[in-house]
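Chemist: Below: one structure in structure tokens.
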Amino acid sequence: MRIEILRDGRTIAEAEGSGETYLVFSEEYQEGDAIRLTPERSGFITLQLDAVLGRTTAYASGTPFTLTIPFAEKHACYHESVFRGTRHFLWAREAYGWEHEGYRNLALNPYDGHENDALFPHAKANIETRGESVFAARNAIDGIVASNGHGEWPWSSWGINRDPEAELTLDFGRTVSIDRMIIYTRADFPHDAWWTEGTFSFSDGSSLTARLEKKDGPQEITFSERKVSSLSLSRLIKAEDPSPFPALIQIEVYGRDA
């Protein structure tokens with residue numbers, strides 16, 4: 001397990017260990033800096049790359065995971081203290097079995113981002129409002145469910161730019177068994193509208209159209225167990241409301257590894 005801080009493509013700080021390692025980086029990040037985490041093998045890891053974002057357990061493909069430190073507008077979807085300051089603690093280890101073997105939310109990754117292709121789950125979308133970080137797909141799996149506002153953290157959401165063809169895809173990186181989803185739509189009324197339904201398409205070829213409602217809070221969708229590696233949300237039908245701004249705050253997907 002290896003953690004590095006990269007600056008201009010060069011490693012300026014690093015730590016390496018067998019199965020577990022940590023790094024204390026005692027200076028401010030500079031624009032263009034990146035964190036690179038290289039696991040020993042594919043499988044589950046528990047990691048903490050920022051004290052505020054905290055620990056999470058995710059599935060690593062085995063290839064290096066790189067996270068570019070966000071600055072300016074790219075930082076707006078995070079708490080003001082994330083990646084800030086002059087001392088940073090970064091840590092990772094191979095996950096214990098009990099951290100990933102049970103029934104849990106499989107759609108949680110606060111370290112996700114556009115460039116992520118190595119640490120799962122990973123969210124991506126064909127449209128994000130104005131390309132702004134506060135409307136990026138990653139916000140739908142960051143674990144923050146505040147829905148009574150819009151814009152900067154903690155109200156970051158997946159915004160669809162009023163596009164009826166908008167689609168969000170959630171990649172689990174391996175096969176999982178799922179039977180439940182909990183959806184939080186943005187509820188900053190009257191600024192926001194809402195969707196009356198959305199269609200989930202699963203990698204096993206099946207699909208499910210779910211009714212949604214005007215609500216500030218969780219909307220639970222249950223179904224027979226499916227073994228999938230990914231799912232997509234599309235065909236979002238907006239309610240007849242003057243506001244043109246429906247958005248997704250969070251998607252939680254519950255199940256187990258297959």
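As shown in the structure tokens, the chain order sets the letters A, B, ...; within each chain, residues go from 1, and ligands are also counted from 1 in the order they appear.
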Using only C-alpha atoms, what does the table of stretch 104-189 of chain A residues within 10 Å of stretch 34-52 of chain A look like, with each row giving the shortest atom pair and its distance in Å to one decimal, sorted by chain and ascending number, as JSON lines?
Modeler:
{"residue": "A:Pro110", "atom": "CA", "partner": "A:Gln48", "partner_atom": "CA", "distance": 9.9}
{"residue": "A:Tyr111", "atom": "CA", "partner": "A:Leu49", "partner_atom": "CA", "distance": 8.1}
{"residue": "A:Ala118", "atom": "CA", "partner": "A:Ser42", "partner_atom": "CA", "distance": 9.4}
{"residue": "A:Leu119", "atom": "CA", "partner": "A:Ile45", "partner_atom": "CA", "distance": 9.3}
{"residue": "A:Phe120", "atom": "CA", "partner": "A:Phe44", "partner_atom": "CA", "distance": 9.4}
{"residue": "A:Arg174", "atom": "CA", "partner": "A:Gly43", "partner_atom": "CA", "distance": 9.8}
Chemist: With a distance cut-off of 8 Å and only C-alpha atoms, select the neighbouring residues of A:Asn148, excluding the residue or stretch itself and same-chain residues fewer than 3 positions from it, and output the selection as a PyMOL selection string.
Modeler: chain A and resi 155+186-189+216
Chemist: Give me a file of those residues, with N, CA and C atoms, as a PDB file, in the first residue's frame.
Modeler:
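selection05.pdb was written with the following content:
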ATOM      1  N   TRP A 155     -25.318  21.509   0.161  1.00  0.00           N
ATOM      2  CA  TRP A 155     -26.439  21.282  -0.756  1.00  0.00           C
ATOM      3  C   TRP A 155     -25.976  20.892  -2.155  1.00  0.00           C
ATOM      4  N   ARG A 186     -33.621  17.046  -4.458  1.00  0.00           N
ATOM      5  CA  ARG A 186     -33.437  18.367  -3.865  1.00  0.00           C
ATOM      6  C   ARG A 186     -34.796  19.006  -3.594  1.00  0.00           C
ATOM      7  N   ALA A 187     -34.920  19.675  -2.460  1.00  0.00           N
ATOM      8  CA  ALA A 187     -36.220  20.153  -1.999  1.00  0.00           C
ATOM      9  C   ALA A 187     -36.165  21.601  -1.540  1.00  0.00           C
ATOM     10  N   ASP A 188     -35.464  22.433  -2.292  1.00  0.00           N
ATOM     11  CA  ASP A 188     -35.396  23.852  -1.971  1.00  0.00           C
ATOM     12  C   ASP A 188     -36.584  24.565  -2.636  1.00  0.00           C
ATOM     13  N   PHE A 189     -37.781  24.235  -2.160  1.00  0.00           N
ATOM     14  CA  PHE A 189     -38.990  24.795  -2.749  1.00  0.00           C
ATOM     15  C   PHE A 189     -39.187  26.250  -2.276  1.00  0.00           C
ATOM     16  N   ASP A 216     -38.994  16.415   1.063  1.00  0.00           N
ATOM     17  CA  ASP A 216     -37.688  16.698   1.650  1.00  0.00           C
ATOM     18  C   ASP A 216     -37.367  15.530   2.576  1.00  0.00           C
TER      19      ASP A 216
END
Chemist: Please identify which residues in stretch 64-232 of chain A DSSP calls alpha helix (DSSP H) from the backbone, and express them as a PyMOL selection string.
Modeler: chain A and resi 97-100
Chemist: Enumerate, in order of chain and increasing residue number, the residues of stretch 137-202 of chain A with an atom no farther than 6 Å from stretch 233-253 of chain A, each with its shortest atom pair and distance in Å to one decimal, counting only C-alpha atoms, as a Markdown table.
Modeler:
| residue | atom | partner | partner_atom | distance |
| --- | --- | --- | --- | --- |
| A:Ala140 | CA | A:Gln250 | CA | 4.1 |
| A:Ile141 | CA | A:Gln250 | CA | 5.9 |
| A:Ser157 | CA | A:Ile249 | CA | 4.5 |
| A:Trp158 | CA | A:Leu248 | CA | 5.1 |
| A:Gly159 | CA | A:Ala247 | CA | 5.0 |
| A:Glu167 | CA | A:Ser234 | CA | 4.6 |
| A:Leu168 | CA | A:Leu233 | CA | 5.2 |
| A:Arg180 | CA | A:Val253 | CA | 5.9 |
| A:Met181 | CA | A:Val253 | CA | 4.5 |
| A:Ile182 | CA | A:Glu252 | CA | 5.0 |
| A:Ile183 | CA | A:Ile251 | CA | 4.8 |
| A:Tyr184 | CA | A:Gln250 | CA | 5.0 |
| A:Thr185 | CA | A:Leu248 | CA | 4.5 |
| A:Arg186 | CA | A:Ala247 | CA | 5.3 |
| A:Asp192 | CA | A:Phe245 | CA | 5.0 |
| A:Ala193 | CA | A:Pro246 | CA | 4.6 |
| A:Trp194 | CA | A:Pro246 | CA | 4.7 |
| A:Trp195 | CA | A:Lys238 | CA | 4.3 |
| A:Thr196 | CA | A:Ala239 | CA | 5.5 |
| A:Glu197 | CA | A:Ile237 | CA | 5.4 |
| A:Gly198 | CA | A:Leu236 | CA | 4.5 |
| A:Thr199 | CA | A:Ser234 | CA | 5.4 |
| A:Phe200 | CA | A:Leu233 | CA | 4.6 |
Chemist: Would you mind telling me which residue in A:Arg84, A:Arg93, A:Lys124, A:His79 lies nearest to A:Ala60 when using only C-alpha atoms?
Modeler: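 Answer, going by the shortest atom-to-atom distance: A:Arg93.
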Chemist: Excluding A:Arg2 and any residue of its chain fewer than 5 positions from it, enumerate the residues within 12 Å of it, using only C-alpha atoms, and give them as an MDAnalysis selection string.
Modeler: chainID A and resid 11 13:23 35:41 47 62:66 90:94
Chemist: Report as a PyMOL selection string: the residues of stretch 19-217 of chain A with a DSSP assignment of strand (DSSP E), based on the backbone of this structure.
Modeler: chain A and resi 20-25+34-38+43-48+56-60+65-68+88-94+104-105+119-120+122-125+158-159+168-185+195-202+207-211
Chemist: Mind pulling up the distance from atom CA of A:Arg55 to atom CA of A:Ala72?
Modeler: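 About the pair atom CA of A:Ala72 and atom CA of A:Arg55: they are 24.4 Å apart.
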Chemist: In terms of the shortest atom-to-atom distance over only C-alpha atoms, which of A:Gly131, A:Pro154, A:Ser81, A:Ser147 is closest to A:His191?
Modeler: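 Under the stated criterion, the closest residue is A:Ser147.
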Chemist: Point out the residue among A:Met1, A:Gly143, A:Asn126, A:Arg104 with the least atom-to-atom distance to A:Pro164, counting only C-alpha atoms.
Modeler: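 That would be A:Asn126, the residue with the smallest distance to A:Pro164.
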Chemist: For A:Asp179, find every residue with an atom within 12 Å (counting only C-alpha atoms), except residues of its own chain fewer than 5 positions away, and show them as a PyMOL selection string.
Modeler: chain A and resi 103-106+202+208+220-228+252-257
Chemist: Which residue out of A:Pro190, A:Gly9, A:Pro121, A:Gly217 has the minimum interatomic distance to A:Leu170 when only C-alpha atoms are used?
Modeler: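 Checking each candidate against A:Leu170, we get A:Pro121 as the closest.
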Chemist: One number please: atom CA of A:Gly151 to atom CA of A:Asn116, in Å, one decimal.
Modeler: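 Going from atom CA of A:Gly151 over to atom CA of A:Asn116 covers 22.9 Å.
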Chemist: Could you check which of A:Gln30, A:Ser207, A:Ser177, A:Asn139 is closest to A:Gly85, using only C-alpha atoms?
Modeler: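 For A:Gly85, the nearest of the given residues is A:Gln30.
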